[in-house]
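First comes the structure, then the notes that go with it.
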Amino acid sequence: MTLEELEGIAASVRQENAKFDYEVNVCMDLACASQGADKLKEALEKAAALSEKTILIRRTGCMGPCSHGPLVRADARRDARAHSNSTLYGRTRADHAEAIVNSLGGAPVAELQCDLNEHFESQVRVVLENAGHIDPEKIDDYIARDGYKALLTVLLEMTPNGVVHRITESGLRGRGGGGYPTGLKWGTVAKAAGDVKYVVCNGDEGDPGAFMDRSVMEGDPHRVIEGMAIAAYAVGASKGYIYVRAEYPVAVARLTTAIREARRRGLLGVAIANTHFNFDVEIRLGAGAFVCGEETALLASIEGKRGTPRTRPPYPAANGLWGKPTLINNVETFANIAPIVRNGGRWFHDMGSERSKGTKVFALTGKIANTGLVEVPMGIKLREIIEKIGGGVPQGHTFKAVQTGGPSGGCIPAEMLDVGVSYDALLKMGSIMGSGGMIVMDDTSCMVNVARFFVEFCMTESCGKCIPCRAGTAQMYTLLTRIATGAGTMEDLDLLEDLCSTVKEASLCGLGQTAPNPVLSTLKYFRNEYIEHIVHKRCPAGVCDLEVAAEVVA
Amino acid sequence: MAAPREDTLSALLPPPLPSDDTRWKIVNGTMRKNGFARHALIETLHTVQSSFGYLDDEAIRFVARSLRVPLSQAYGVVTFYHYFNLKPPGRHTLTICAGTACYIKGADKLIAAAEKHLGVKPGHTTPDGEVSLMVARCVGACSRAPVSLLDSAVQGEMTREQMMEQLERWAVE
């Protein structure tokens, strides 16, 4: 494959698409698929076949605002006589197919139209640039949108050092949650001695309430593969692994297809683009262990062992998979690579806040009007994400907190919403960026109950290797249960805080070190709720069952 | 030098398939594809579970011996990962997602209702072998919480009534 051949494929796809007057894109991501998007697509195909217009019906990945799904976007070619170029329809069913097809070229179907201008206005799409525009199972669709151009450019025109330099210049930081500078990590692996090195993609998206990586792997799998291949060239690796949760069967299927197609096109394999660069990727399945998101545990799991973490250093950059230097990055990090290479490091560096560059994808869920995937520039205020993009808390309830970072994160209260989103700001507030789950809670959520929920999660997911995490989370859970059932005392609060700091300081890996965050952040911002439970035996949100305890007090 | 004893020799060879059930050939295929390497343990266990629905002693022993992994280590791996089942699943499986978004939207109430109706705790199957009740950590369809899986079909915005209806439907099938 040469650059000319690649451009030839892109041109022929564009030419092929130009034969159609209209494009109707159907979102078939998990959320829309669970609402009957497959039947809808069939109905659209049938209606299109009967129509005189030439219409391309395409399956795509996640379009974003899932709460309005199943979503359909009808696009007209510039030269077609249409009222608008692009119309987004929501809550579409198979019996709407005919109306949508008939409306092409005329006025849109008013009752299905989604007015989501506010939702999209402040978003910037880098990682999700192809979402809703390509068929994830067609490599040529990806190529037609500049796919693999970055890889071939890198192989033919850049030195490995130059690639590392460009990524460093962009200021990209790891999107898995830690926020370690990506360029620095690449540089370390590139400099590590050894002729066998590995590139590993962490697709073990274990944070409950986060699904960005799933959507990227399912909706734009080649983007991840291209990012990995560029990384492999930069650090000198020739073998890659994508570690995906077994709970994501569609992602596994899409990646499998993508790898096969990339091999067929000569974009994976030996002597890629007639250079000396060889690279191939294999998929490894997770098996339902949250701790495997931790890099050393993940590597153990790829080696077929129990996924328990080990002490670092040595870091995987020096001593990773099978003892070889290994580069591990998250799905979203790899998804950022191709656009950075294409547009330059400065372009990426110009987006975002001072120490957090570029954009971040968030999975916005919970008690909010527009749930789904959003991609925003770093530094955007939380309030803008929740109120403008998310459309606020529905049904006359009031906002209480937004939980970021999953079980390792914290709950951020209303008075902190004017803080801009960045790794450092979230850390300062007692939460973390995490992989990007953002769960909105309203006045019907009890913060003691939420803290207990997360601690229970960490307790059951603790691998048991180190005592602070194994025993500490269990004791934290006991204390929180006491408080939630009305048996707690004020001394329990002190004990809980004390225990949190022990678990945080003394645990071996990130799971234990961050497990206290949900407790500490709720104690910091919602202490009065704990006190209500302890002193007045009352749950302000009406979630916890304190009846028995309340009677004793009375 | 004395000739190696027969049982030492046979220990070096891959064991015969446990039975002529063709599913063992699929399992063997996964191991062969990975060159019977030890690191293929988890991959192979996945194949066993997808072929047989669960992992029993016979399967674990067979895989451990084929890959020359100590049985203790294989058992350790099987029990470490939540995804692997040691018991056969019911004819139908109801999986209720209890990820954060689902929990905030009342998944705990769904679980309580299902437990009461089926008379089993999560992770167990009704005594008649009809329905397994499972709780998932997160299936990634958080935007349509609360989410359940009816066998393998994802159902968003699940209500208590819809869930009960489904359980009734399975019961009369």
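Following the order of the structure tokens, first chain is A, next is B, and so on, with residues numbered from 1 inside each chain and ligands from 1 in the order they appear.
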
Listing only residues of chain B within 8 Å of chain A, what is the closest atom pair and its distance in Å (to one decimal) for each, using only C-alpha atoms, sorted by chain and residue number ascending, as JSON lines?
{"residue": "B:Arg38", "atom": "CA", "partner": "A:Gly304", "partner_atom": "CA", "distance": 6.9}
{"residue": "B:His39", "atom": "CA", "partner": "A:Gly304", "partner_atom": "CA", "distance": 4.3}
{"residue": "B:Ala40", "atom": "CA", "partner": "A:Gly304", "partner_atom": "CA", "distance": 6.0}
{"residue": "B:Leu41", "atom": "CA", "partner": "A:Gly304", "partner_atom": "CA", "distance": 5.3}
{"residue": "B:Ile42", "atom": "CA", "partner": "A:Gly304", "partner_atom": "CA", "distance": 5.3}
{"residue": "B:Glu43", "atom": "CA", "partner": "A:Leu285", "partner_atom": "CA", "distance": 7.0}
{"residue": "B:Gln73", "atom": "CA", "partner": "A:Lys305", "partner_atom": "CA", "distance": 8.0}
{"residue": "B:Gly76", "atom": "CA", "partner": "A:Arg306", "partner_atom": "CA", "distance": 7.0}
{"residue": "B:Val77", "atom": "CA", "partner": "A:Arg306", "partner_atom": "CA", "distance": 5.1}
{"residue": "B:Phe80", "atom": "CA", "partner": "A:Arg306", "partner_atom": "CA", "distance": 6.2}
{"residue": "B:Tyr81", "atom": "CA", "partner": "A:Ala287", "partner_atom": "CA", "distance": 5.4}
{"residue": "B:His82", "atom": "CA", "partner": "A:Gly288", "partner_atom": "CA", "distance": 5.1}
{"residue": "B:Tyr83", "atom": "CA", "partner": "A:Ala287", "partner_atom": "CA", "distance": 4.9}
{"residue": "B:Phe84", "atom": "CA", "partner": "A:Ala287", "partner_atom": "CA", "distance": 7.1}
{"residue": "B:Gly99", "atom": "CA", "partner": "A:Pro208", "partner_atom": "CA", "distance": 4.6}
{"residue": "B:Thr100", "atom": "CA", "partner": "A:Gly209", "partner_atom": "CA", "distance": 5.3}
{"residue": "B:Ala101", "atom": "CA", "partner": "A:Gly366", "partner_atom": "CA", "distance": 5.1}
{"residue": "B:Cys102", "atom": "CA", "partner": "A:Gly366", "partner_atom": "CA", "distance": 7.8}
{"residue": "B:Ile104", "atom": "CA", "partner": "A:Gly366", "partner_atom": "CA", "distance": 6.5}
{"residue": "B:Lys105", "atom": "CA", "partner": "A:Gly366", "partner_atom": "CA", "distance": 7.0}
{"residue": "B:Arg137", "atom": "CA", "partner": "A:Pro208", "partner_atom": "CA", "distance": 6.4}
{"residue": "B:Cys138", "atom": "CA", "partner": "A:Pro208", "partner_atom": "CA", "distance": 5.0}
{"residue": "B:Val139", "atom": "CA", "partner": "A:Glu247", "partner_atom": "CA", "distance": 6.2}
{"residue": "B:Gly140", "atom": "CA", "partner": "A:Phe211", "partner_atom": "CA", "distance": 4.9}
{"residue": "B:Ala141", "atom": "CA", "partner": "A:Ala31", "partner_atom": "CA", "distance": 5.5}
{"residue": "B:Cys142", "atom": "CA", "partner": "A:Gly209", "partner_atom": "CA", "distance": 5.7}
{"residue": "B:Ser143", "atom": "CA", "partner": "A:Thr371", "partner_atom": "CA", "distance": 5.1}
{"residue": "B:Arg144", "atom": "CA", "partner": "A:Ala31", "partner_atom": "CA", "distance": 6.3}
{"residue": "B:Ala145", "atom": "CA", "partner": "A:Gly366", "partner_atom": "CA", "distance": 7.6}
{"residue": "B:Ala153", "atom": "CA", "partner": "A:Ser34", "partner_atom": "CA", "distance": 7.5}
{"residue": "B:Val154", "atom": "CA", "partner": "A:Ser34", "partner_atom": "CA", "distance": 5.5}
{"residue": "B:Gln155", "atom": "CA", "partner": "A:Ser34", "partner_atom": "CA", "distance": 5.6}
{"residue": "B:Gly156", "atom": "CA", "partner": "A:Ser34", "partner_atom": "CA", "distance": 6.4}

Would you list, as JSON, numbers by chain, the residues of chain B that end up in alpha helix (DSSP H) under DSSP run on this structure's backbone? {"B": [6, 7, 8, 9, 10, 11, 12, 23, 24, 25, 26, 27, 28, 29, 30, 31, 32, 33, 41, 42, 43, 44, 45, 46, 47, 48, 49, 50, 51, 52, 57, 58, 59, 60, 61, 62, 63, 64, 65, 66, 71, 72, 73, 74, 75, 76, 77, 78, 79, 80, 100, 101, 102, 103, 104, 107, 108, 109, 110, 111, 112, 113, 114, 115, 116, 117, 118, 160, 161, 162, 163, 164, 165, 166, 167, 168, 169, 170, 171, 172]}

Per DSSP on the backbone, what are the strand (DSSP E) residues of range 130-231 of chain A, as a short mmCIF file (atom, residue, chain, number, x, y, z; two decimals) with N, CA, C and O atoms, in the first residue's frame?
data_model
loop_
_atom_site.label_atom_id
_atom_site.label_comp_id
_atom_site.auth_asym_id
_atom_site.auth_seq_id
_atom_site.Cartn_x
_atom_site.Cartn_y
_atom_site.Cartn_z
N TYR A 198 6.53 -4.51 22.89
CA TYR A 198 5.10 -4.67 22.62
C TYR A 198 4.35 -3.36 22.79
O TYR A 198 4.74 -2.51 23.57
N VAL A 199 3.25 -3.27 22.03
CA VAL A 199 2.31 -2.16 22.20
C VAL A 199 1.00 -2.78 22.66
O VAL A 199 0.51 -3.73 22.03
N VAL A 200 0.45 -2.28 23.76
CA VAL A 200 -0.79 -2.84 24.28
C VAL A 200 -1.84 -1.75 24.39
O VAL A 200 -1.56 -0.64 24.85
N CYS A 201 -3.03 -2.06 23.92
CA CYS A 201 -4.14 -1.12 24.02
C CYS A 201 -5.06 -1.59 25.15
O CYS A 201 -5.55 -2.71 25.15
N ASN A 202 -5.26 -0.71 26.12
CA ASN A 202 -6.11 -1.04 27.26
C ASN A 202 -7.57 -0.72 26.94
O ASN A 202 -7.99 0.43 26.97
N GLY A 203 -8.31 -1.76 26.59
CA GLY A 203 -9.74 -1.59 26.29
C GLY A 203 -10.58 -2.28 27.35
O GLY A 203 -11.68 -2.73 27.09
#

Shell of 12 Å around range 19-27 of chain B, only C-alpha atoms, local chain residues under 4 positions omitted, as a list in words: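 Near neighbours after the sequence-gap exclusion: Pro15, Met31, Arg32, Lys33, Asn34, Phe36, Ala40, Leu41, Ile42, Glu43, Thr44, Leu45, His46, Thr47, Val48, Gln49, Ser50, Ser51, Phe52, Gly53, Leu55, Glu58, Ala59, Ile60, Phe62, Val63, Ser66 and Leu67 of chain B.
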
Using only C-alpha atoms, determine which residues lie at most 12 Å from Gly90 in chain B, disregarding the query and same-chain residues fewer than 6 positions distant; provide the list as a PyMOL selection string. chain B and resi 53-54+123-134+151+170

CA of Gly486 in chain A to CA of Ile534 in chain A, straight-line distance in Å: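 The value is 5.9 Å.
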